[in-house]
Structure formats: structure tokens, C-alpha cells
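Quick look at structure_20.txt (compact mmCIF, C-alpha atoms):
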```txt
# COMPACT_ATOMS: atom_id res chain seq x y z
CA MET U 1 22.22 59.69 -43.01
CA LEU U 2 22.94 59.39 -46.73
CA LYS U 3 22.65 55.63 -46.48
CA GLN U 4 19.12 56.02 -45.23
CA TYR U 5 18.01 58.83 -47.48
CA TRP U 6 19.74 58.26 -50.81
CA TRP U 7 16.72 56.95 -52.67
CA LYS U 8 14.58 59.74 -51.24
CA LEU U 9 17.12 62.25 -52.49
CA LEU U 10 17.14 60.46 -55.85
CA SER U 11 13.35 60.77 -56.06
CA PHE U 12 13.65 64.49 -55.39
CA LEU U 13 16.34 65.02 -58.01
CA LEU U 14 14.49 63.00 -60.65
CA LEU U 15 11.24 64.87 -60.11
CA LEU U 16 12.97 68.25 -60.03
CA TYR U 17 14.56 67.30 -63.35
CA ALA U 18 11.18 66.22 -64.73
CA VAL U 19 9.41 69.39 -63.61
CA THR U 20 12.06 71.71 -65.07
CA TYR U 21 13.60 69.94 -68.07
CA GLY U 22 10.19 68.51 -68.91
CA PHE U 23 9.22 71.98 -70.12
CA TYR U 24 12.40 72.48 -72.10
CA VAL U 25 12.81 69.18 -73.93
CA SER U 26 11.67 69.25 -77.56
CA ILE U 27 8.45 67.40 -78.30
CA PRO U 28 7.07 66.25 -81.65
CA GLU U 29 4.40 68.36 -83.31
CA THR U 30 1.02 66.76 -82.72
CA MET U 31 -2.64 67.73 -82.46
CA ILE U 32 -2.38 67.95 -78.69
CA LEU U 33 0.33 70.64 -78.87
CA GLN U 34 2.26 71.44 -75.70
CA THR U 35 -0.12 69.42 -73.52
CA MET U 36 1.91 66.39 -74.51
CA ARG U 37 4.22 67.34 -71.66
CA ASN U 38 1.45 66.13 -69.32
CA LEU U 39 2.76 62.68 -70.14
CA PHE U 40 5.59 63.20 -67.63
CA TYR U 41 3.17 63.95 -64.80
CA HIS U 42 -0.24 62.37 -65.48
CA VAL U 43 1.17 58.97 -66.47
CA GLY U 44 3.42 59.07 -63.42
CA MET U 45 0.35 58.89 -61.21
CA TRP U 46 -0.65 55.59 -62.82
CA PHE U 47 2.88 54.19 -62.62
CA GLY U 48 2.82 55.10 -58.93
CA MET U 49 -0.58 53.52 -58.40
CA PHE U 50 0.30 50.31 -60.23
CA THR U 51 3.51 49.94 -58.22
CA MET U 52 1.65 50.43 -54.94
CA LEU U 53 -1.06 47.94 -55.89
CA THR U 54 1.57 45.38 -56.90
CA VAL U 55 3.31 45.83 -53.55
CA SER U 56 -0.03 45.41 -51.78
CA PHE U 57 -0.81 42.26 -53.78
CA ILE U 58 2.56 40.70 -52.95
CA TYR U 59 2.23 41.47 -49.25
CA SER U 60 -1.31 40.11 -49.13
CA LEU U 61 0.00 36.85 -50.58
CA ARG U 62 2.79 36.85 -48.02
CA TYR U 63 0.31 37.50 -45.25
CA LEU U 64 -1.73 34.46 -46.24
CA LYS U 65 1.43 32.35 -46.13
CA GLY U 66 2.44 33.06 -42.55
CA PHE U 67 -0.29 35.32 -41.07
CA ARG U 68 2.27 37.86 -39.93
CA GLU U 69 0.62 41.14 -39.04
CA GLU U 70 3.50 43.12 -40.46
CA ASN U 71 2.62 41.98 -43.97
CA ASP U 72 -1.02 42.97 -43.55
CA ARG U 73 0.07 46.44 -42.47
CA ILE U 74 2.14 46.94 -45.62
CA ALA U 75 -0.75 45.67 -47.78
CA ILE U 76 -3.29 48.17 -46.45
CA GLU U 77 -0.94 51.14 -46.43
CA ALA U 78 0.14 50.41 -50.01
CA VAL U 79 -3.50 50.44 -51.09
CA ASN U 80 -3.95 53.78 -49.32
CA VAL U 81 -1.04 55.36 -51.18
CA GLY U 82 -2.17 53.68 -54.40
CA LEU U 83 -5.62 55.23 -54.06
CA MET U 84 -4.06 58.65 -53.57
CA PHE U 85 -2.18 58.21 -56.86
CA GLY U 86 -5.31 56.83 -58.50
CA PHE U 87 -7.44 59.86 -57.65
CA LEU U 88 -4.67 62.22 -58.71
CA GLY U 89 -4.43 60.26 -61.96
CA ILE U 90 -8.18 60.59 -62.58
CA PHE U 91 -8.19 64.32 -61.78
CA THR U 92 -5.12 65.18 -63.84
CA GLY U 93 -6.59 63.07 -66.63
CA MET U 94 -9.82 65.05 -66.46
CA VAL U 95 -7.95 68.33 -66.80
CA TRP U 96 -6.08 66.99 -69.80
CA ALA U 97 -9.18 65.40 -71.39
CA ASN U 98 -11.05 68.68 -71.08
CA PHE U 99 -8.59 70.08 -73.59
CA THR U 100 -7.89 67.10 -75.86
CA TRP U 101 -11.39 65.55 -76.02
CA GLY U 102 -13.49 68.58 -75.17
CA ALA U 103 -14.93 67.26 -71.91
CA PRO U 104 -13.52 66.16 -68.54
CA TRP U 105 -15.19 62.77 -68.85
CA VAL U 106 -15.96 60.94 -72.06
CA LYS U 107 -17.51 57.50 -72.53
CA ASP U 108 -14.37 55.51 -73.02
CA PRO U 109 -13.39 51.98 -71.96
CA LYS U 110 -10.10 53.11 -70.42
CA LEU U 111 -11.64 55.89 -68.34
CA ASN U 112 -14.55 53.79 -67.13
CA GLY U 113 -12.17 50.93 -66.42
CA ALA U 114 -10.00 53.19 -64.29
CA ALA U 115 -13.08 54.40 -62.39
CA VAL U 116 -14.22 50.82 -61.73
CA GLY U 117 -10.67 49.97 -60.66
CA LEU U 118 -10.78 52.72 -58.06
CA VAL U 119 -14.19 51.53 -56.80
CA VAL U 120 -12.82 48.00 -56.39
CA TYR U 121 -10.13 49.33 -54.06
CA LEU U 122 -12.49 51.67 -52.22
CA ALA U 123 -14.54 48.53 -51.50
CA TYR U 124 -11.36 47.05 -49.99
CA ILE U 125 -11.13 49.96 -47.54
CA ILE U 126 -14.83 49.62 -46.66
CA LEU U 127 -14.50 45.86 -46.23
CA ARG U 128 -11.67 46.41 -43.76
CA SER U 129 -13.60 48.87 -41.67
CA SER U 130 -16.57 46.50 -41.48
CA VAL U 131 -14.73 43.61 -39.80
CA GLU U 132 -13.96 44.21 -36.13
CA ASP U 133 -11.72 41.31 -35.23
CA ARG U 134 -8.14 42.16 -36.16
CA HIS U 135 -7.04 38.76 -37.39
CA LYS U 136 -10.25 38.05 -39.21
CA ARG U 137 -10.05 41.45 -40.89
CA ALA U 138 -6.51 40.80 -42.06
CA LYS U 139 -7.39 37.40 -43.50
CA VAL U 140 -10.60 38.43 -45.25
CA SER U 141 -9.07 41.58 -46.73
CA ALA U 142 -5.96 39.74 -47.91
CA VAL U 143 -8.12 37.32 -49.88
CA TYR U 144 -10.20 40.16 -51.29
CA ASN U 145 -7.07 42.12 -52.18
CA ILE U 146 -5.84 39.31 -54.41
CA PHE U 147 -9.14 39.38 -56.32
CA ALA U 148 -9.05 43.18 -56.38
CA PHE U 149 -5.63 43.21 -58.04
CA VAL U 150 -6.74 40.78 -60.72
CA LEU U 151 -9.93 42.78 -61.29
CA TRP U 152 -7.93 46.01 -61.53
CA ILE U 153 -5.67 44.56 -64.21
CA ILE U 154 -8.68 43.27 -66.14
CA PHE U 155 -10.54 46.56 -65.98
CA VAL U 156 -7.65 48.94 -66.53
CA MET U 157 -5.29 46.99 -68.75
CA ILE U 158 -7.12 44.18 -70.55
CA LEU U 159 -10.72 45.25 -71.23
CA PRO U 160 -9.82 48.66 -72.77
CA ARG U 161 -7.50 46.84 -75.16
CA LEU U 162 -10.17 44.32 -76.12
CA ALA U 163 -12.72 47.08 -76.66
CA GLY U 164 -10.37 48.40 -79.31
CA ASP U 165 -12.00 51.78 -79.93
CA SER U 166 -10.63 53.68 -76.98
CA LEU U 167 -9.59 57.30 -77.38
CA HIS U 168 -7.05 56.88 -74.64
CA PRO U 169 -3.51 55.94 -75.73
CA ALA U 170 -1.94 52.64 -74.67
CA THR U 171 -5.09 50.67 -75.40
CA GLY U 172 -4.03 48.38 -78.21
CA ASN U 173 -3.78 48.92 -81.93
CA ASN U 174 -3.99 52.72 -82.10
CA SER U 175 -0.48 53.98 -82.80
CA SER U 176 -0.28 57.08 -80.71
CA PRO U 177 2.77 59.32 -80.33
CA VAL U 178 2.29 59.31 -76.57
CA LEU U 179 2.86 55.57 -76.21
CA PRO U 180 6.13 54.89 -74.37
CA MET U 181 7.15 52.43 -77.11
CA GLN U 182 6.60 55.04 -79.82
CA LEU U 183 7.81 57.93 -77.74
CA ASP U 184 10.15 60.46 -79.27
CA PRO U 185 13.73 59.70 -78.13
CA SER U 186 14.12 63.18 -76.66
CA MET U 187 10.94 62.70 -74.61
CA ARG U 188 12.20 59.40 -73.28
CA THR U 189 15.06 61.20 -71.55
CA VAL U 190 12.45 62.83 -69.31
CA PHE U 191 9.71 60.18 -69.31
CA TYR U 192 11.60 57.29 -67.73
CA PRO U 193 13.43 59.29 -65.03
CA ALA U 194 10.11 60.94 -64.16
CA MET U 195 8.38 57.57 -63.78
CA ILE U 196 11.14 56.32 -61.46
CA GLY U 197 10.89 59.56 -59.49
CA TRP U 198 7.14 59.23 -58.98
CA ILE U 199 7.45 55.57 -57.95
CA LEU U 200 10.17 56.44 -55.42
CA LEU U 201 8.07 59.30 -54.04
CA GLY U 202 5.19 56.86 -53.56
CA THR U 203 7.52 54.44 -51.81
CA TRP U 204 8.63 57.19 -49.45
CA ILE U 205 5.03 58.11 -48.56
CA LEU U 206 4.31 54.40 -48.11
CA GLN U 207 7.24 54.02 -45.73
CA VAL U 208 6.06 57.01 -43.68
CA ARG U 209 2.53 55.58 -43.47
CA ILE U 210 3.77 52.15 -42.40
CA ARG U 211 5.92 53.66 -39.65
CA VAL U 212 3.07 55.81 -38.33
CA SER U 213 0.77 52.80 -38.29
CA LYS U 214 3.39 50.80 -36.39
CA LEU U 215 3.85 53.57 -33.83
CA LYS U 216 0.09 53.77 -33.32
CA GLN U 217 -0.08 50.08 -32.57
CA GLN U 218 2.88 50.23 -30.19
CA LEU U 219 1.16 53.04 -28.28
CA GLU U 220 -2.03 51.00 -27.98
CA GLU U 221 -0.09 48.09 -26.52
CA MET S 1 11.40 86.46 -81.94
CA ILE S 2 13.24 89.57 -80.96
CA GLU S 3 16.98 89.17 -81.09
CA LYS S 4 18.78 90.14 -77.92
CA LYS S 5 22.31 90.16 -79.19
CA SER S 6 24.16 91.55 -76.24
CA GLU S 7 22.51 89.22 -73.75
CA LYS S 8 22.90 86.35 -76.10
CA GLN S 9 26.59 87.00 -76.52
CA LYS S 10 27.05 87.28 -72.78
CA ALA S 11 25.41 83.90 -72.21
CA LYS S 12 27.44 82.44 -75.03
CA LEU S 13 30.53 82.60 -72.88
CA PHE S 14 29.20 79.87 -70.64
CA LEU S 15 26.84 77.75 -72.71
CA PRO S 16 26.89 76.18 -76.17
CA GLU S 17 25.13 78.42 -78.67
CA LYS S 18 22.50 75.83 -79.53
CA ILE S 19 21.20 75.71 -75.97
CA VAL S 20 21.28 79.47 -75.60
CA ARG S 21 19.30 79.97 -78.79
CA ARG S 22 16.71 77.35 -77.83
CA THR S 23 16.22 78.87 -74.40
CA PHE S 24 15.66 82.30 -75.93
CA ILE S 25 13.22 80.92 -78.49
CA ILE S 26 11.22 79.08 -75.84
CA MET S 27 11.22 82.05 -73.48
CA GLU S 28 9.91 84.34 -76.22
CA THR S 29 7.37 82.02 -77.83
CA TYR S 30 5.82 80.71 -74.65
CA GLY S 31 5.73 84.05 -72.91
CA LYS S 32 8.20 83.50 -70.03
CA ILE S 33 7.03 79.96 -69.31
CA PHE S 34 10.10 79.43 -67.14
CA VAL S 35 8.67 81.71 -64.50
CA VAL S 36 5.97 79.06 -64.09
CA VAL S 37 8.52 76.27 -64.19
CA THR S 38 10.45 77.95 -61.39
CA VAL S 39 7.27 78.21 -59.31
CA LEU S 40 6.66 74.49 -59.87
CA ALA S 41 10.22 73.72 -58.84
CA VAL S 42 9.85 75.80 -55.65
CA ILE S 43 6.64 73.94 -54.74
CA LEU S 44 8.32 70.60 -55.39
CA VAL S 45 11.27 71.57 -53.19
CA GLY S 46 8.83 72.67 -50.48
CA ILE S 47 6.89 69.41 -50.53
CA PHE S 48 10.06 67.33 -50.35
CA VAL S 49 11.52 69.38 -47.50
CA TYR S 50 8.21 68.98 -45.65
CA LEU S 51 8.17 65.22 -46.24
CA PHE S 52 11.78 65.03 -45.05
CA PHE S 53 10.91 66.71 -41.74
CA ILE S 54 7.89 64.46 -41.21
CA ASP S 55 10.19 61.52 -41.86
CA ARG S 56 12.67 62.76 -39.25
CA LYS S 57 9.92 63.44 -36.72
CA ILE S 58 8.71 59.85 -37.02
CA GLY S 59 12.28 58.65 -36.62
CA LYS S 60 12.55 60.53 -33.31
CA LEU S 61 9.21 59.12 -32.11
CA GLU S 62 10.36 55.62 -32.99
CA LYS S 63 13.50 56.10 -30.92
CA GLU S 64 11.54 57.46 -27.95
CA ILE S 65 9.09 54.57 -27.94
CA GLN S 66 11.93 52.08 -28.25
CA GLU S 67 13.65 53.62 -25.22
CA LYS S 68 10.44 53.53 -23.20
CA GLU S 69 9.90 49.91 -24.12
CA ASN S 70 13.41 49.08 -22.96
CA GLN S 71 12.79 50.87 -19.64
CA ILE S 72 9.60 48.88 -19.04
CA LYS S 73 11.45 45.64 -19.75
CA GLN S 74 14.14 46.49 -17.22
```

As C-alpha cells - that is how I would like this structure written.
Amino acid sequence: MLKQYWWKLLSFLLLLYAVTYGFYVSIPETMILQTMRNLFYHVGMWFGMFTMLTVSFIYSLRYLKGFREENDRIAIEAVNVGLMFGFLGIFTGMVWANFTWGAPWVKDPKLNGAAVGLVVYLAYIILRSSVEDRHKRAKVSAVYNIFAFVLWIIFVMILPRLAGDSLHPATGNNSSPVLPMQLDPSMRTVFYPAMIGWILLGTWILQVRIRVSKLKQQLEE
Amino acid sequence: MIEKKSEKQKAKLFLPEKIVRRTFIIMETYGKIFVVVTVLAVILVGIFVYLFFIDRKIGKLEKEIQEKENQIKQ
């Protein structure tokens, strides 16, 4: 039992720690006041999404190597979980932005990049539903998924940095106190465990989705 | 901050004074924020327990289907 569940238990403990101690830990005094604690939760969504998309990318590559259906299954389910994190990231970001920037959505390279990134992956889901043949669908979507991952990195990580004038932290030369590299040491004690916790939670949901999908297929056969 | 000496001294028996003082300061300045934190923790526990039971349910289904497959093979 414990052998099977230890990392799930770890995810629970880490997130429980983040949700409780995250409100207790001392934070530096900044313009954004106590909302800085959102860093433990909002950023976690993007760590979760990026992990899921990376998993999907790797399994799409593996699918193209041997055309094993198992790999295609992991690729699609990882995108599904990644999209869930992505939307939560956008929504939590909007709540936060409403306070820090005065509006839920501002014209900013990072925000628009994240929105385009989500659209790229929504297109992946639509592409899948438009191809009827199972093997064809797997092949076409695996190729698209590799482009989608590259596009996502360009839109979310590279272009906002090149634009240079983003309000959002982690976009290049603005030295913000919420950057992980410049993070207050006391905040790091919550930030990193929280990120691991969110990633593990995503992995758990991914595992559940993969197993359900497998069961569905077995029933059809 | 209102000093609560008796309570503070009671808590002092178990915890280092620094932590006790910080907890009192936070509780007073943020207006009992830890009530909200506890609610968050309860929700988190609930979600994880729920996910755990879904996980176990799928495990049982997997076993059942495996058994049926074995029967068909025989």
C-alpha cells in the first residue's frame, strides 16, 4: 500500500504544508503586500502545466519511434491535465492581476503569450477529435504536439523576455522580488516544496486519467 | 496588538517564545487569518481523500476486468 501511494502522500503533505505555513512564513515588504503569498499557489499551476506538457512532448516523440498506442494515450492525457492547470493558472492570475495591476487582463506579452499557448493546445484537442481513424489520429496529433510544445515555449517563455517591457515577473531584465532566483530565503522554504507538491498532484491526476482511458478501451474490446 | 499574557505564558511551556509571539502578532494583525487557513486545509484534505477513493475504485475495476479477461482466455 505505502509502496504504491508514497508519492501521493508526499504530494498531500507538501501541499498541506504550503497551504498552512504559506500564510505564516515571513515575506519581504513590497508594493504587492500580502498577495505575494499567491506565489506559492498561482505559480504552482504553471509548474504543473509545464511538467504535463513536457511529459506529453516526450511521449509523443516516443510514440513516433515505435507507434505504440500506450505512448499516445499518455500524451493526450498529459495535455488534458496540463490544460486544466493552464486554465487555473490564467484564472488565478486574473484574480491576482485585478489587485496588482488594477484589471483582470492587461495588455502584456506574458499574459497574451500564455493565452496563445492555451489556444495552441486547445487546437490539439480539436485536431484529435477531427480524425476518425485511431492510428492516423495518433500519428497526426503526435507530430502536431511536438510543434505545439515548441510554440508554447516560444510564446510563454521566449517572446515575453524578448519584448522586455512585461509587467509580469520572470520575463527578463526586471529584477522582481517574486522571481525564484531573487526570492527571499524564508519564502523559498515554502516555494520549492509547494512546486513539487503541485507537480506530484498533477502526476496523480494524470495517472488516474490514463487508467480510466485504458479501462474504457479494454471494455470496448 | 493586545497582550494576552496568561495565554501567552501557557503556550510558552510548549513552544519557543519567538514562534508564540509571531503567531499572536499575525493572528491579531490579520484578523484571525488562521481560521481561513484551517478552512483551506480542510478543503485540501477533502480533495485528497476524494482523489484517493477514486484511485482505489479504479484499482478495483482494473482487477475485475483482468479477472474477466483471464476467464475468457480459459

Q: For atom CA of Asp72 of chain U and atom CA of Gly197 of chain U, quote the distance in Å rounded to one decimal.
A: 25.9 Å

Q: Compare U:Ala97, U:Gly82, U:Leu215, U:Glu220 by their minimum atom-to-atom distance to chain S, counting only C-alpha atoms, and give me the closest one.
A: U:Leu215

**Q.** 12 Å contacts from chain S to chain U using all atoms listed in the file, as an MDAnalysis selection string
**A.** chainID S and resid 19:20 22:27 29:30 32:66 68:69

Q | Radius query 10 Å about (-7.8, 40.5, -45.9), atoms used: only C-alpha atoms, as a list of chain:residue names | A |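 Residues lying no farther than 10 Å from the given point: U:Ser60, U:Leu61, U:Tyr63, U:Leu64, U:Asp72, U:Ala75, U:Ile76, U:Tyr124, U:Leu127, U:Arg128, U:Val131, U:Arg134, U:His135, U:Lys136, U:Arg137, U:Ala138, U:Lys139, U:Val140, U:Ser141, U:Ala142, U:Val143, U:Tyr144, U:Asn145, U:Ile146.
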
Q: Would you please work out which residue, of U:Lys216, U:Glu77, U:Leu10, U:Met157, is nearest to Phe57 of chain U when using all atoms listed in the file?
A: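 Ranking U:Lys216, U:Glu77, U:Leu10, U:Met157 by distance to Phe57 of chain U, first place goes to U:Glu77.
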
Q) At what distance in Å, to one decimal, does atom CA of Val150 of chain U lie from atom CA of Met52 of chain U? A) 14.0 Å

**Q.** Between atom CA of Leu88 of chain U and atom CA of Val119 of chain U, distance in Å (one decimal)
**A.**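 Between these atoms lies a distance of 14.4 Å.
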
Could you complete segment 98-128 of chain U so that it carries N, CA and C atoms, and give it back as a PDB file, keeping the file's coordinate frame?
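Listed below is the output, part_10.pdb:
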```pdb
ATOM      1  N   ASN U  98     -10.233  67.499 -70.814  1.00  0.00           N
ATOM      2  CA  ASN U  98     -11.050  68.680 -71.080  1.00  0.00           C
ATOM      3  C   ASN U  98     -10.502  69.457 -72.280  1.00  0.00           C
ATOM      4  N   PHE U  99      -9.187  69.426 -72.425  1.00  0.00           N
ATOM      5  CA  PHE U  99      -8.590  70.080 -73.590  1.00  0.00           C
ATOM      6  C   PHE U  99      -8.589  69.162 -74.823  1.00  0.00           C
ATOM      7  N   THR U 100      -8.097  67.935 -74.672  1.00  0.00           N
ATOM      8  CA  THR U 100      -7.890  67.100 -75.860  1.00  0.00           C
ATOM      9  C   THR U 100      -9.192  66.533 -76.415  1.00  0.00           C
ATOM     10  N   TRP U 101     -10.154  66.171 -75.544  1.00  0.00           N
ATOM     11  CA  TRP U 101     -11.390  65.550 -76.020  1.00  0.00           C
ATOM     12  C   TRP U 101     -12.607  66.451 -75.827  1.00  0.00           C
ATOM     13  N   GLY U 102     -12.389  67.623 -75.277  1.00  0.00           N
ATOM     14  CA  GLY U 102     -13.490  68.580 -75.170  1.00  0.00           C
ATOM     15  C   GLY U 102     -14.364  68.437 -73.945  1.00  0.00           C
ATOM     16  N   ALA U 103     -14.134  67.421 -73.127  1.00  0.00           N
ATOM     17  CA  ALA U 103     -14.930  67.260 -71.910  1.00  0.00           C
ATOM     18  C   ALA U 103     -14.074  66.543 -70.870  1.00  0.00           C
ATOM     19  N   PRO U 104     -14.323  66.825 -69.583  1.00  0.00           N
ATOM     20  CA  PRO U 104     -13.520  66.160 -68.540  1.00  0.00           C
ATOM     21  C   PRO U 104     -13.726  64.653 -68.515  1.00  0.00           C
ATOM     22  N   TRP U 105     -14.945  64.218 -68.858  1.00  0.00           N
ATOM     23  CA  TRP U 105     -15.190  62.770 -68.850  1.00  0.00           C
ATOM     24  C   TRP U 105     -15.886  62.379 -70.151  1.00  0.00           C
ATOM     25  N   VAL U 106     -15.311  61.425 -70.856  1.00  0.00           N
ATOM     26  CA  VAL U 106     -15.960  60.940 -72.060  1.00  0.00           C
ATOM     27  C   VAL U 106     -16.222  59.444 -71.878  1.00  0.00           C
ATOM     28  N   LYS U 107     -17.205  58.931 -72.624  1.00  0.00           N
ATOM     29  CA  LYS U 107     -17.510  57.500 -72.530  1.00  0.00           C
ATOM     30  C   LYS U 107     -16.410  56.745 -73.243  1.00  0.00           C
ATOM     31  N   ASP U 108     -15.532  56.175 -72.452  1.00  0.00           N
ATOM     32  CA  ASP U 108     -14.370  55.510 -73.020  1.00  0.00           C
ATOM     33  C   ASP U 108     -14.005  54.316 -72.145  1.00  0.00           C
ATOM     34  N   PRO U 109     -13.675  53.180 -72.758  1.00  0.00           N
ATOM     35  CA  PRO U 109     -13.390  51.980 -71.960  1.00  0.00           C
ATOM     36  C   PRO U 109     -12.260  52.186 -70.945  1.00  0.00           C
ATOM     37  N   LYS U 110     -11.241  52.937 -71.333  1.00  0.00           N
ATOM     38  CA  LYS U 110     -10.100  53.110 -70.420  1.00  0.00           C
ATOM     39  C   LYS U 110     -10.503  53.942 -69.202  1.00  0.00           C
ATOM     40  N   LEU U 111     -11.245  55.012 -69.450  1.00  0.00           N
ATOM     41  CA  LEU U 111     -11.640  55.890 -68.340  1.00  0.00           C
ATOM     42  C   LEU U 111     -12.593  55.175 -67.393  1.00  0.00           C
ATOM     43  N   ASN U 112     -13.603  54.501 -67.987  1.00  0.00           N
ATOM     44  CA  ASN U 112     -14.550  53.790 -67.130  1.00  0.00           C
ATOM     45  C   ASN U 112     -13.862  52.648 -66.394  1.00  0.00           C
ATOM     46  N   GLY U 113     -12.925  51.993 -67.074  1.00  0.00           N
ATOM     47  CA  GLY U 113     -12.170  50.930 -66.420  1.00  0.00           C
ATOM     48  C   GLY U 113     -11.395  51.450 -65.218  1.00  0.00           C
ATOM     49  N   ALA U 114     -10.767  52.606 -65.384  1.00  0.00           N
ATOM     50  CA  ALA U 114     -10.000  53.190 -64.290  1.00  0.00           C
ATOM     51  C   ALA U 114     -10.919  53.549 -63.121  1.00  0.00           C
ATOM     52  N   ALA U 115     -12.132  54.048 -63.445  1.00  0.00           N
ATOM     53  CA  ALA U 115     -13.080  54.400 -62.390  1.00  0.00           C
ATOM     54  C   ALA U 115     -13.526  53.143 -61.637  1.00  0.00           C
ATOM     55  N   VAL U 116     -13.819  52.075 -62.377  1.00  0.00           N
ATOM     56  CA  VAL U 116     -14.220  50.820 -61.730  1.00  0.00           C
ATOM     57  C   VAL U 116     -13.068  50.283 -60.879  1.00  0.00           C
ATOM     58  N   GLY U 117     -11.848  50.405 -61.410  1.00  0.00           N
ATOM     59  CA  GLY U 117     -10.670  49.970 -60.660  1.00  0.00           C
ATOM     60  C   GLY U 117     -10.554  50.674 -59.321  1.00  0.00           C
ATOM     61  N   LEU U 118     -10.830  51.961 -59.318  1.00  0.00           N
ATOM     62  CA  LEU U 118     -10.780  52.720 -58.060  1.00  0.00           C
ATOM     63  C   LEU U 118     -11.869  52.238 -57.102  1.00  0.00           C
ATOM     64  N   VAL U 119     -13.081  51.978 -57.651  1.00  0.00           N
ATOM     65  CA  VAL U 119     -14.190  51.530 -56.800  1.00  0.00           C
ATOM     66  C   VAL U 119     -13.845  50.183 -56.152  1.00  0.00           C
ATOM     67  N   VAL U 120     -13.203  49.298 -56.920  1.00  0.00           N
ATOM     68  CA  VAL U 120     -12.820  48.000 -56.390  1.00  0.00           C
ATOM     69  C   VAL U 120     -11.940  48.169 -55.146  1.00  0.00           C
ATOM     70  N   TYR U 121     -11.021  49.136 -55.205  1.00  0.00           N
ATOM     71  CA  TYR U 121     -10.130  49.330 -54.060  1.00  0.00           C
ATOM     72  C   TYR U 121     -10.776  50.141 -52.941  1.00  0.00           C
ATOM     73  N   LEU U 122     -11.734  50.996 -53.282  1.00  0.00           N
ATOM     74  CA  LEU U 122     -12.490  51.670 -52.220  1.00  0.00           C
ATOM     75  C   LEU U 122     -13.283  50.633 -51.439  1.00  0.00           C
ATOM     76  N   ALA U 123     -13.801  49.614 -52.159  1.00  0.00           N
ATOM     77  CA  ALA U 123     -14.540  48.530 -51.500  1.00  0.00           C
ATOM     78  C   ALA U 123     -13.620  47.790 -50.526  1.00  0.00           C
ATOM     79  N   TYR U 124     -12.341  47.692 -50.882  1.00  0.00           N
ATOM     80  CA  TYR U 124     -11.360  47.050 -49.990  1.00  0.00           C
ATOM     81  C   TYR U 124     -11.267  47.800 -48.668  1.00  0.00           C
ATOM     82  N   ILE U 125     -11.212  49.141 -48.751  1.00  0.00           N
ATOM     83  CA  ILE U 125     -11.130  49.960 -47.540  1.00  0.00           C
ATOM     84  C   ILE U 125     -12.397  49.786 -46.706  1.00  0.00           C
ATOM     85  N   ILE U 126     -13.559  49.768 -47.377  1.00  0.00           N
ATOM     86  CA  ILE U 126     -14.830  49.620 -46.660  1.00  0.00           C
ATOM     87  C   ILE U 126     -14.920  48.241 -46.021  1.00  0.00           C
ATOM     88  N   LEU U 127     -14.494  47.223 -46.762  1.00  0.00           N
ATOM     89  CA  LEU U 127     -14.500  45.860 -46.230  1.00  0.00           C
ATOM     90  C   LEU U 127     -13.677  45.789 -44.939  1.00  0.00           C
ATOM     91  N   ARG U 128     -12.532  46.434 -44.943  1.00  0.00           N
ATOM     92  CA  ARG U 128     -11.670  46.410 -43.760  1.00  0.00           C
ATOM     93  C   ARG U 128     -12.338  47.041 -42.557  1.00  0.00           C
TER      94      ARG U 128
END
```
